[in-house]
Structures are given as structure tokens and as C-alpha cells.
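*Asks:* Provided herewith is a single structure, encoded as C-alpha cells, for subsequent inquiry.
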Amino acid sequence: MSLVSAAPSEYTAPGVEEFWQPLFGTDGPWAITRPMLLMAISAGLIIWFLLATTRKKALVPSRGQMSTEAVYGLVRNGIAKDLIGSKEFLRFVPLLFSLFMIILVNNLFGVLPPFSYPTMSRIGFPIALSLIVWVVFHAVGMKKHGFIGYWKSLVPSGLPKGMILPIFFLELITDLFTRPVTLALRLFGNMFAGHILIVLFITGGWYMLTSGGILVIAGGVTWIFAVVMTLFELLVEFLQAYVFTLLAALYIGGAIADEH
Amino acid sequence: MQASFVFAEGGEEGFWATAAPIIPHPLEFFFGLATFALLYFVVKAKVVPRLEQIYAERTAAIEGGMNKAEEAQAQAQAALEQYQAQLVEARAEASRIREDAKAQGAQIIAEMREQAAADAARITETAHKQIEAERQQAVVSLRGDVGRMSTELASRIVGESLEDEARQRGIVERFLAELESGDVVREKVGDA
């Protein structure tokens with residue numbers, strides 16, 4: 001890792017420290033950080049927008065209401081209803097809709113000025129959301145099947161006797177550990193890597209543009225790529241919000257399904 | 001490990017700048033939980049009920065519209081059936097009227113024919129009567145003329161006037177009557 005004191009011509013690649021942006025207070029474990037501010041702003045924006053666009057409850061919707069209804073319809077019918085089933089999906093729609101909205105807006109903050117920071121690249125946030133999903137899908141599963149019945153329902157019926165125990169342990173690891181961890185890490189990793197990639201393209205391009213010579217052309221190309229990467233990142237940001245919500249619905253649906 | 005971001009104080013506080021990115025920052029974690037909880041409760045209490053209400057109302061409106069359309073279609077069908085029934089009835093009535101008219105026409109023609117025949121008979125009868133009357137008149141007139149002319153003729157032949165006597169005696173009448181009956185006999189004139 002290069003040092004600050006190095007010569008100005010030396011390029012410093014963006015690293016982990018790029019994401020540590022304490023705003024005030026200490027910069028220890030209880031520091032108020034930039035992603036926290038973004039999280040608060042996003043929640044405020046979402047609450048304001050959702051309340052404002054649904055206040056009239058018009059049968060023929062305005063443009064704002066129509067956009068809210070479109071996103072709501074995607075989560076309600078495209079995710080919740082399909083994966084949980086039309087009988088019980090409705091009580092999980094608030095959770096899934098909230099998840100989708102908060103992840104989507106915070107992800108979009110990653111490329112939208114003046115925010116330009118993906119909140120979910122700080123793993124504390126994805127872990128918080130995954131933890132909620134994890135608690136919810138175990139809780140509703142146990143409520144439906146009973147505590148013992150829930151663990152029994154992990155093993156598919158009709159297995160030969162010798163296979164039951166190994167499969168049970170595999171399913172146990174999946175349910176207790178793999179699912180929440182991958183849920184959090186997938187979102188975090190995508191946002192973290194995407195952001196660092198864009199920062200790399202932009203700072204690297206700038207370094208080359210200011211270096212003179214043939215590097216100027218390379219710097220221009222790099223900046224064009226930065227734009228392309230940003231557009232690509234937009235897609236990834238939407239997809240990750242969708243995937244997180246989809247998997248949350250899948251886990252909930254699996255937990256309350258009659259047959260595992 | 002020193003990075004390009006160097007904070008004024010090192011030690012414990014510098015840890016978060018270079019910490020492995022998968023170590024969650026505690027306050028960020030709790031803040032994330034709290035913020036999401038707030039959002040969730042607003043969405044659950046306000047947003048989703050509103051949107052579900054819109055969904056339900058819209059579905060009801062669409063179904064209501066469909067019911068209305070079905071009703072209108074049923075009404076149209078009923079009207080069409082009624083119209084067709086009326087049309088059949090009207091056709092039957094028209095055919096009946098036509099039959100009636102035909103029958104009436106035939107009757108009228110028959111009546112008129114009958115009347116014409118009666119008229120013709122009456123006219124013929126009248127004409128006959130008239131002819132008969134005229135004939136009678138002619139006979140009477142002729143009889144007078146013939147009598148007079150015969151008498152006159154006889155007078156000339158005989159040379160004297162028989163007129164008065166002839167009249168007195170009704171010779172001419174008798175002669176004519178005999179003439180009509182066909183047995184004319186010679187009679188001596190002036191022999192009486």
C-alpha cells in the first residue's frame with residue numbers, strides 16, 4: 001500500500017479506507033458515519049414519498065401514485081405472491097416492500113450525486129436486514145409447524161433412514177448459517193466491489209489524465225469506462241435489491257410451506 | 001498499517017479506517033436496525049393498507065363495471081328477443097290481415113256481382129214493362145187508326161159515311177177482335 005508521503009506522480013489505489021467516513025463524534029465504534037446519514041435520508045425520503053403518493057388513494061392514479069403502485073405491485077405480486085403463495089403472502093408484504101425500498105434507494109445512492117455512496121457497502125446494514133429476515137422466517141416457520149415440527153420439516157419426507165441425519169445437518173447449516181450469511185454478504189459484496197471499481201476507474205483515469213503523454217488517451221478511455229461501469233452499476237443495484245427481497249420471500253415461503 | 005487516510009489520533013480509533021470490510025461497525029448495525037424498523041412500521045401501518053385499499057377498490061370497480069356490462073348485454077339480448085318475438089307476431093298479423101283482406105275482397109266481388117245481376121234483372125224487367133206498355137199504347141193507337149182508316153176506306157168504297165154507324169155499332173171493334181182471334185168471317189155491311 002502506498003503512502004501519502006510518496007511522490008505526487010505515484011498512484012494510490014482506492015482501498016478499504018475509502019468507505020470509512022465518520023462525520024462527527026469519535027471515529028470509533030460509536031461514530032456517526034456518512035452511511036448512517038444516508039440511511040436516515042433514504043428512510044425519510046421513502047416514507048415521505050410513499051405517504052405523499054398514496055394519500056389520495058385515487059382509483060385512477062397520478063404519476064407518483066402510479067410509480068409507487070408499480071414498485072408495490074412488483075414486490076406484492078411478482079415476489080411475495082409467487083413465492084409465499086396467495087394464501088399467506090399478504091402479511092409479509094410490508095416487510096418485503098420495506099426491504100426492497102430501503103435497499104433499492106440506498107443502492108441507487110451509490111451512483112447518484114450528491115450521495116455517491118452505497119450504504120450497503122458497510123456490512124453492518126446488510127447484516128441488520130439479513131438478521132431481520134432470518135428471525136422472521138424462523139419465527140413464522142416455528143409458529144406454523146411448532147418448534148419440533150419446524151426442525152422436522154427441514155428434512156424432506158421419503159428419505160431412506162440412513163440419509164435422514166446427514167440431510168438434517170446439511171439443512172440445519174443452510175437454514176441457520178448459510179442463508180443469512182450469504183444474504184448479507186451478497187448485498188455487501190456487490191455494493192462494495194461495484195463502488196470500489198467505479199472509484200478506481202475515476203481516480204485512475206484522473207491520475208492518467210494529469211500525467212500527460214500517451215496516458216491522457218488511456219485516461220479518457222478509462223473515464224468512458226467509468227461511465228459504462230456506472231450504468232452497469234445501476235443495473236446491479238436494482239438487481240441486488242430485487243434478489244435480496246426475492247430470497248427473503250423464498251425463505252419465508254419455504255418456512256411456512258406445508259412440505260419442505 | 002498506515003493508509004492514505006491517517007487520522008489525527010491513531011490507536012483504537014484508526015482501527016475502523018483499515019478494518020476488514022466484513023467487520024460490522026456496531027453503531028451502523030444498530031442504526032440500520034432502528035431505521036429499518038421505523039420504515040417498516042410506517043409501511044405496515046399506513047402505506048400497505050392504503051395500497052391494498054386502492055387495489056381492492058379498483059378490483060371492485062372493474063368487477064362492478066364488468067357486471068354492469070353483463071347486465072347491459074343481458075338487457076340488449078332481452079330486447080332483441082322481444083323485438084324478434086314482436087316481429088314474428090307482426091308477421092303473423094300481417095299474414096292474417098292479408099288473408100282477411102283476400103277473403104273480404106272475394107266476398108265484396110261476389111256481393112257486387114250479385115247486385116249487378118240483380119240490377120241487370122231489374123233493368124231488363126223495367127225495359128220489358130216499358131216495351132209492353134208502349135206496345136199496348138201502340139196497339140190502342142193502331143186500333144183507333146185502323147178502325148178509322150177502315151171505316152173511311154169502306155165509306156169511300158161504299159160511298160156513304162159509315163162513320164157514325166160504325167162507331168155506334170162497334171163494328172170495327174168486333175172486326176179487330178175477330179182479326180186477332182183469327183176467325184174473320186165475311187159480314188155483310190150495311191145489311192142490318
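The way I read the labels, and the way they are meant: chains A, B, ... in the order of the C-alpha cells, residue 1 as the first residue of every chain, and ligand 1 as the first ligand shown, with later ones counted on from there.
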Taking 4 positions as the minimum chain separation for residues in the same chain, which residues sit within 7 Å of B:Leu51 when counting only C-alpha atoms? Answer as an NGL selection string.

*Replies:* (:A and (54)) or (:B and (47 or 55))

*Asks:* Could you list, as a PyMOL selection string, every residue within 6 Å of stretch 90-99 of chain A, counting only C-alpha atoms and ignoring same-chain residues fewer than 5 positions away?

*Replies:* (chain A and resi 75-76+245) or (chain B and resi 40+43-44)

*Asks:* Mind dumping the selected residues with C-alpha atoms as a PDB file, in the first residue's frame?

*Replies:*
ATOM      1  CA  VAL A  75     -42.976  -6.809  -4.698  1.00  0.00           C
ATOM      2  CA  ARG A  76     -46.549  -7.836  -3.875  1.00  0.00           C
ATOM      3  CA  THR A 245     -36.235  -9.354  -1.446  1.00  0.00           C
TER       4      THR A 245
ATOM      5  CA  TYR B  40     -41.312  -0.934   8.431  1.00  0.00           C
ATOM      6  CA  VAL B  43     -45.163   0.999   5.702  1.00  0.00           C
ATOM      7  CA  LYS B  44     -47.163  -1.549   7.685  1.00  0.00           C
TER       8      LYS B  44
END

*Asks:* Pull the closest atom pair for each residue of chain A that gets at most 6 Å from chain B, along with the distance in Å to one decimal, counting only C-alpha atoms, ordering rows by chain and then ascending residue number, as a Markdown table.

*Replies:*
| residue | atom | partner | partner_atom | distance |
| --- | --- | --- | --- | --- |
| A:Leu3 | CA | B:Ser4 | CA | 5.9 |
| A:Val4 | CA | B:Ser4 | CA | 5.1 |
| A:Val16 | CA | B:Thr18 | CA | 6.0 |
| A:Glu17 | CA | B:Ala17 | CA | 4.8 |
| A:Trp20 | CA | B:Ala17 | CA | 5.2 |
| A:Asp27 | CA | B:Glu13 | CA | 5.6 |
| A:Gly28 | CA | B:Glu13 | CA | 4.8 |
| A:Pro29 | CA | B:Pro26 | CA | 5.9 |
| A:Trp30 | CA | B:Leu27 | CA | 5.2 |
| A:Lys57 | CA | B:Ile54 | CA | 5.8 |
| A:Leu59 | CA | B:Arg58 | CA | 5.8 |
| A:Pro94 | CA | B:Lys44 | CA | 5.1 |
| A:Ser98 | CA | B:Tyr40 | CA | 5.6 |
| A:Ile123 | CA | B:Pro24 | CA | 5.3 |
| A:Gly124 | CA | B:Phe29 | CA | 4.1 |
| A:Phe125 | CA | B:Gly32 | CA | 5.2 |
| A:Ala128 | CA | B:Leu33 | CA | 5.4 |

*Asks:* Atom CA of A:Pro118 and atom CA of A:Met191, how far apart in Å?

*Replies:* 6.2 Å

*Asks:* Report as a list in words: the residues of stretch 21-250 of chain A with a DSSP assignment of strand (DSSP E), based on the backbone of this structure.

*Replies:*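 Here are the strand (DSSP E) residues of stretch 21-250 of chain A: Pro22, Leu23, Phe24, Ile32 and Thr33 of chain A.
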
*Asks:* Can those selected residues be exported to a file as a tab-separated table (two decimals), in the first residue's frame so that it contains N, CA and C atoms?

*Replies:*
chain	number	residue	atom	x	y	z
A	22	PRO	N	-16.36	8.81	8.90
A	22	PRO	CA	-17.08	9.33	10.09
A	22	PRO	C	-17.36	10.81	9.92
A	23	LEU	N	-18.54	11.22	10.34
A	23	LEU	CA	-18.93	12.62	10.15
A	23	LEU	C	-18.60	13.46	11.37
A	24	PHE	N	-19.08	12.99	12.53
A	24	PHE	CA	-18.72	13.72	13.76
A	24	PHE	C	-18.77	12.77	14.94
A	32	ILE	N	-20.77	8.58	14.37
A	32	ILE	CA	-21.83	8.81	13.38
A	32	ILE	C	-21.15	8.87	12.01
A	33	THR	N	-21.56	7.98	11.11
A	33	THR	CA	-20.84	7.91	9.83
A	33	THR	C	-21.73	8.35	8.68

*Asks:* I need the residues of stretch 14-208 of chain A that end up classed as alpha helix (DSSP H) by DSSP on the backbone, written out as JSON, numbers by chain.

*Replies:* {"A": [34, 35, 36, 37, 38, 39, 40, 41, 42, 43, 44, 45, 46, 47, 48, 49, 50, 51, 52, 53, 54, 63, 64, 65, 66, 67, 68, 69, 70, 71, 72, 73, 82, 83, 84, 93, 94, 95, 96, 97, 98, 99, 100, 101, 102, 103, 104, 105, 106, 107, 108, 124, 125, 126, 127, 128, 129, 130, 131, 132, 133, 134, 135, 136, 137, 138, 139, 140, 141, 142, 143, 144, 145, 147, 148, 149, 150, 151, 152, 161, 162, 163, 164, 165, 166, 167, 168, 169, 170, 171, 172, 173, 179, 180, 181, 182, 183, 184, 185, 186, 187, 188, 189, 190, 191, 192, 193, 194, 195, 196, 197, 198, 199, 200, 201, 202, 203, 204, 205, 206, 207, 208]}

*Asks:* Which residue is closest to A:Ile198? Choose from A:Met39, A:Ala13, A:Leu129, A:Ala52 and count only C-alpha atoms.

*Replies:* A:Ala13

*Asks:* Please identify all polymer residues within 7 Å of A:Leu83, counting only C-alpha atoms, omitting same-chain residues fewer than 4 positions from it, and present them as number ranges by chain.

*Replies:* A: 79, 249-250, 253

*Asks:* Produce a file of the selected residues containing N, CA and C atoms, as a PDB file, in the first residue's frame.

*Replies:*
ATOM      1  N   ILE A  79     -43.146 -10.949  -6.366  1.00  0.00           N
ATOM      2  CA  ILE A  79     -42.268 -11.650  -5.425  1.00  0.00           C
ATOM      3  C   ILE A  79     -43.086 -12.374  -4.361  1.00  0.00           C
ATOM      4  N   ALA A 249     -38.328 -13.592   0.528  1.00  0.00           N
ATOM      5  CA  ALA A 249     -39.659 -14.180   0.305  1.00  0.00           C
ATOM      6  C   ALA A 249     -39.544 -15.693   0.154  1.00  0.00           C
ATOM      7  N   LEU A 250     -38.489 -16.138  -0.524  1.00  0.00           N
ATOM      8  CA  LEU A 250     -38.283 -17.576  -0.730  1.00  0.00           C
ATOM      9  C   LEU A 250     -38.084 -18.292   0.602  1.00  0.00           C
ATOM     10  N   GLY A 253     -41.367 -18.238   2.485  1.00  0.00           N
ATOM     11  CA  GLY A 253     -42.276 -19.193   1.845  1.00  0.00           C
ATOM     12  C   GLY A 253     -41.900 -20.625   2.157  1.00  0.00           C
TER      13      GLY A 253
END

*Asks:* Determine, counting only C-alpha atoms, which protein, DNA and RNA residues have an atom within 7 Å of an atom of A:Thr68; residues of the same chain fewer than 3 positions away are not included. Present the result as a PyMOL selection string.

*Replies:* chain A and resi 50+53+64-65+71-72

*Asks:* Restricting the calculation to only C-alpha atoms, which member of A:Val133, A:Ile47, A:Ile196, A:Leu74 is positioned closest to A:Gly15?

*Replies:*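 Looking at the shortest contact to A:Gly15, the residue is A:Ile196.
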
*Asks:* List the spatial neighbours of A:Lys152 as a ChimeraX atom specification - criterion: any atom at most 12 Å away, only C-alpha atoms, same-chain residues fewer than 4 positions off excluded.

*Replies:* /A:141-142,145-148,156-157,164-165,167-169,171-172,255,258-260

*Asks:* Would you output that residue set with N, CA and C atoms, as a tab-separated table (two decimals), in the first residue's frame?

*Replies:*
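Output (selection-v8.tsv):
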chain	number	residue	atom	x	y	z
A	141	GLY	N	-41.96	-19.97	10.68
A	141	GLY	CA	-41.90	-21.41	10.47
A	141	GLY	C	-42.25	-22.17	11.74
A	142	MET	N	-41.68	-21.71	12.87
A	142	MET	CA	-41.96	-22.38	14.14
A	142	MET	C	-43.39	-22.16	14.57
A	145	HIS	N	-45.39	-24.70	12.27
A	145	HIS	CA	-45.21	-26.14	12.43
A	145	HIS	C	-44.97	-26.56	13.87
A	146	GLY	N	-44.81	-25.60	14.78
A	146	GLY	CA	-44.39	-25.93	16.13
A	146	GLY	C	-42.87	-26.05	16.17
A	147	PHE	N	-42.27	-25.94	17.38
A	147	PHE	CA	-40.81	-25.88	17.47
A	147	PHE	C	-40.18	-27.16	16.91
A	148	ILE	N	-40.67	-28.30	17.37
A	148	ILE	CA	-40.12	-29.58	16.92
A	148	ILE	C	-40.48	-29.82	15.45
A	156	PRO	N	-36.74	-33.47	3.93
A	156	PRO	CA	-37.81	-33.90	3.03
A	156	PRO	C	-38.30	-35.29	3.39
A	157	SER	N	-39.59	-35.52	3.22
A	157	SER	CA	-40.13	-36.83	3.56
A	157	SER	C	-39.74	-37.84	2.49
A	164	ILE	N	-31.38	-39.57	6.67
A	164	ILE	CA	-32.12	-38.52	7.38
A	164	ILE	C	-31.19	-37.62	8.19
A	165	LEU	N	-30.30	-38.22	8.97
A	165	LEU	CA	-29.45	-37.42	9.86
A	165	LEU	C	-28.49	-36.51	9.08
A	167	ILE	N	-28.74	-35.34	6.06
A	167	ILE	CA	-29.51	-34.30	5.37
A	167	ILE	C	-29.99	-33.26	6.37
A	168	PHE	N	-30.39	-33.76	7.57
A	168	PHE	CA	-30.86	-32.83	8.58
A	168	PHE	C	-29.78	-31.82	8.95
A	169	PHE	N	-28.54	-32.32	9.11
A	169	PHE	CA	-27.45	-31.41	9.47
A	169	PHE	C	-27.14	-30.44	8.35
A	171	GLU	N	-29.24	-29.36	6.12
A	171	GLU	CA	-30.32	-28.36	6.07
A	171	GLU	C	-30.23	-27.39	7.25
A	172	LEU	N	-29.79	-27.93	8.39
A	172	LEU	CA	-29.64	-27.09	9.57
A	172	LEU	C	-28.60	-26.00	9.34
A	255	ALA	N	-40.30	-21.68	4.82
A	255	ALA	CA	-40.51	-21.96	6.25
A	255	ALA	C	-41.96	-22.28	6.55
A	258	ASP	N	-46.15	-26.24	3.53
A	258	ASP	CA	-46.61	-27.48	4.17
A	258	ASP	C	-45.58	-28.58	4.00
A	259	GLU	N	-44.98	-28.65	2.80
A	259	GLU	CA	-43.95	-29.64	2.54
A	259	GLU	C	-42.66	-28.90	2.26
A	260	HIS	N	-41.60	-29.31	2.92
A	260	HIS	CA	-40.34	-28.62	2.67
A	260	HIS	C	-39.70	-29.07	1.37

*Asks:* Using only C-alpha atoms, which residue out of A:Ser116, A:Arg55, A:Pro14, A:Asn107 lies closest to A:Arg34?

*Replies:*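 So, comparing all the options, the nearest one is A:Ser116.
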
*Asks:* Between A:Ile256, A:Val135, A:Ala248, A:Ile202, which residue has the minimum interatomic distance to A:Gly149, considering only C-alpha atoms?

*Replies:*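 Closest residue, counting only C-alpha atoms: A:Ile256.
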
*Asks:* With only C-alpha atoms as the counted atoms, please give the residues lying no more than 7 Å from stretch 225-241 of chain A, apart from itself and same-chain residues fewer than 2 positions off, as a PDB file with N, CA and C atoms, in the first residue's frame.

*Replies:*
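What landed in around-v2.pdb:
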ATOM      1  N   PHE A 100     -37.288  -4.026   0.084  1.00  0.00           N
ATOM      2  CA  PHE A 100     -36.968  -3.679  -1.301  1.00  0.00           C
ATOM      3  C   PHE A 100     -36.714  -2.182  -1.434  1.00  0.00           C
ATOM      4  N   ILE A 103     -33.357  -1.027   0.383  1.00  0.00           N
ATOM      5  CA  ILE A 103     -32.156  -1.499  -0.312  1.00  0.00           C
ATOM      6  C   ILE A 103     -32.024  -0.799  -1.652  1.00  0.00           C
ATOM      7  N   LEU A 104     -33.135  -0.683  -2.377  1.00  0.00           N
ATOM      8  CA  LEU A 104     -33.076  -0.057  -3.698  1.00  0.00           C
ATOM      9  C   LEU A 104     -32.591   1.383  -3.598  1.00  0.00           C
ATOM     10  N   ASN A 107     -28.989   1.599  -2.514  1.00  0.00           N
ATOM     11  CA  ASN A 107     -28.099   1.164  -3.585  1.00  0.00           C
ATOM     12  C   ASN A 107     -27.985   2.253  -4.653  1.00  0.00           C
ATOM     13  N   LEU A 108     -29.126   2.858  -4.989  1.00  0.00           N
ATOM     14  CA  LEU A 108     -29.086   3.913  -6.007  1.00  0.00           C
ATOM     15  C   LEU A 108     -28.270   5.108  -5.531  1.00  0.00           C
ATOM     16  N   VAL A 111     -24.637   5.603  -6.917  1.00  0.00           N
ATOM     17  CA  VAL A 111     -24.194   6.298  -8.126  1.00  0.00           C
ATOM     18  C   VAL A 111     -24.840   7.672  -8.278  1.00  0.00           C
ATOM     19  N   LEU A 187     -25.235  -8.913  -0.841  1.00  0.00           N
ATOM     20  CA  LEU A 187     -25.560  -7.495  -0.995  1.00  0.00           C
ATOM     21  C   LEU A 187     -24.333  -6.631  -0.707  1.00  0.00           C
ATOM     22  N   GLY A 194     -18.623  -2.927  -6.459  1.00  0.00           N
ATOM     23  CA  GLY A 194     -19.044  -2.005  -7.500  1.00  0.00           C
ATOM     24  C   GLY A 194     -18.546  -0.600  -7.236  1.00  0.00           C
ATOM     25  N   ILE A 198     -15.789   1.655  -9.439  1.00  0.00           N
ATOM     26  CA  ILE A 198     -16.046   2.974 -10.027  1.00  0.00           C
ATOM     27  C   ILE A 198     -15.024   3.993  -9.526  1.00  0.00           C
ATOM     28  N   PHE A 201     -11.817   3.440 -11.371  1.00  0.00           N
ATOM     29  CA  PHE A 201     -11.843   3.951 -12.742  1.00  0.00           C
ATOM     30  C   PHE A 201     -11.706   5.478 -12.756  1.00  0.00           C
ATOM     31  N   ILE A 202     -12.403   6.132 -11.818  1.00  0.00           N
ATOM     32  CA  ILE A 202     -12.410   7.593 -11.848  1.00  0.00           C
ATOM     33  C   ILE A 202     -11.071   8.161 -11.370  1.00  0.00           C
ATOM     34  N   VAL A 221     -10.164   7.060 -22.079  1.00  0.00           N
ATOM     35  CA  VAL A 221     -10.848   5.763 -22.250  1.00  0.00           C
ATOM     36  C   VAL A 221     -11.325   5.249 -20.898  1.00  0.00           C
ATOM     37  N   THR A 222     -10.475   5.407 -19.895  1.00  0.00           N
ATOM     38  CA  THR A 222     -10.833   4.929 -18.552  1.00  0.00           C
ATOM     39  C   THR A 222     -12.076   5.641 -18.039  1.00  0.00           C
ATOM     40  N   TRP A 223     -12.154   6.940 -18.317  1.00  0.00           N
ATOM     41  CA  TRP A 223     -13.341   7.673 -17.850  1.00  0.00           C
ATOM     42  C   TRP A 223     -14.607   7.240 -18.601  1.00  0.00           C
ATOM     43  N   VAL A 243     -32.999  -9.240  -5.708  1.00  0.00           N
ATOM     44  CA  VAL A 243     -32.569 -10.577  -5.281  1.00  0.00           C
ATOM     45  C   VAL A 243     -32.724 -10.733  -3.777  1.00  0.00           C
ATOM     46  N   PHE A 244     -32.341  -9.695  -3.029  1.00  0.00           N
ATOM     47  CA  PHE A 244     -32.458  -9.772  -1.568  1.00  0.00           C
ATOM     48  C   PHE A 244     -33.913 -10.008  -1.165  1.00  0.00           C
ATOM     49  N   THR A 245     -34.813  -9.222  -1.782  1.00  0.00           N
ATOM     50  CA  THR A 245     -36.235  -9.354  -1.446  1.00  0.00           C
ATOM     51  C   THR A 245     -36.768 -10.716  -1.890  1.00  0.00           C
TER      52      THR A 245
END

*Asks:* Could you check the closest approach to A:Leu176 for each of A:Phe89, A:Phe49, A:Tyr242, A:Trp134 and tell me which residue wins, using only C-alpha atoms?

*Replies:*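 Residue with the minimum atom-to-atom distance to A:Leu176: A:Trp134.
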
*Asks:* Excluding same-chain residues fewer than 3 positions from A:Ile41, what lies within 10 Å of it counting only C-alpha atoms, as a ChimeraX atom specification?

*Replies:* /A:35-38,44-47,105-106,115 /B:35

*Asks:* Save out the residues we just selected, N, CA and C atoms, as a PDB file, in the first residue's frame.

*Replies:*
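The result, stored in part30.pdb:
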ATOM      1  N   PRO A  35     -22.639   6.708   5.887  1.00  0.00           N
ATOM      2  CA  PRO A  35     -23.729   5.791   5.505  1.00  0.00           C
ATOM      3  C   PRO A  35     -24.917   5.840   6.461  1.00  0.00           C
ATOM      4  N   MET A  36     -24.675   6.161   7.721  1.00  0.00           N
ATOM      5  CA  MET A  36     -25.809   6.287   8.647  1.00  0.00           C
ATOM      6  C   MET A  36     -26.681   7.473   8.244  1.00  0.00           C
ATOM      7  N   LEU A  37     -26.016   8.559   7.894  1.00  0.00           N
ATOM      8  CA  LEU A  37     -26.769   9.736   7.436  1.00  0.00           C
ATOM      9  C   LEU A  37     -27.567   9.378   6.175  1.00  0.00           C
ATOM     10  N   LEU A  38     -26.897   8.654   5.254  1.00  0.00           N
ATOM     11  CA  LEU A  38     -27.585   8.265   4.011  1.00  0.00           C
ATOM     12  C   LEU A  38     -28.767   7.355   4.310  1.00  0.00           C
ATOM     13  N   GLY A  44     -36.182   8.613   5.315  1.00  0.00           N
ATOM     14  CA  GLY A  44     -37.046   9.792   5.292  1.00  0.00           C
ATOM     15  C   GLY A  44     -37.665   9.996   3.928  1.00  0.00           C
ATOM     16  N   LEU A  45     -36.845   9.895   2.881  1.00  0.00           N
ATOM     17  CA  LEU A  45     -37.335  10.071   1.511  1.00  0.00           C
ATOM     18  C   LEU A  45     -38.412   9.035   1.177  1.00  0.00           C
ATOM     19  N   ILE A  46     -38.119   7.788   1.550  1.00  0.00           N
ATOM     20  CA  ILE A  46     -39.072   6.716   1.207  1.00  0.00           C
ATOM     21  C   ILE A  46     -40.399   6.952   1.920  1.00  0.00           C
ATOM     22  N   ILE A  47     -40.309   7.254   3.230  1.00  0.00           N
ATOM     23  CA  ILE A  47     -41.543   7.463   3.998  1.00  0.00           C
ATOM     24  C   ILE A  47     -42.324   8.639   3.409  1.00  0.00           C
ATOM     25  N   VAL A 105     -33.199   2.148  -2.689  1.00  0.00           N
ATOM     26  CA  VAL A 105     -32.838   3.572  -2.610  1.00  0.00           C
ATOM     27  C   VAL A 105     -31.394   3.724  -2.154  1.00  0.00           C
ATOM     28  N   ASN A 106     -30.989   2.947  -1.155  1.00  0.00           N
ATOM     29  CA  ASN A 106     -29.611   3.068  -0.679  1.00  0.00           C
ATOM     30  C   ASN A 106     -28.609   2.608  -1.735  1.00  0.00           C
ATOM     31  N   PHE A 115     -25.100  11.934  -3.196  1.00  0.00           N
ATOM     32  CA  PHE A 115     -24.895  10.886  -2.186  1.00  0.00           C
ATOM     33  C   PHE A 115     -23.636  10.078  -2.519  1.00  0.00           C
TER      34      PHE A 115
ATOM     35  N   THR B  35     -33.514   2.229  11.867  1.00  0.00           N
ATOM     36  CA  THR B  35     -34.088   2.944  10.726  1.00  0.00           C
ATOM     37  C   THR B  35     -35.053   2.046   9.966  1.00  0.00           C
TER      38      THR B  35
END
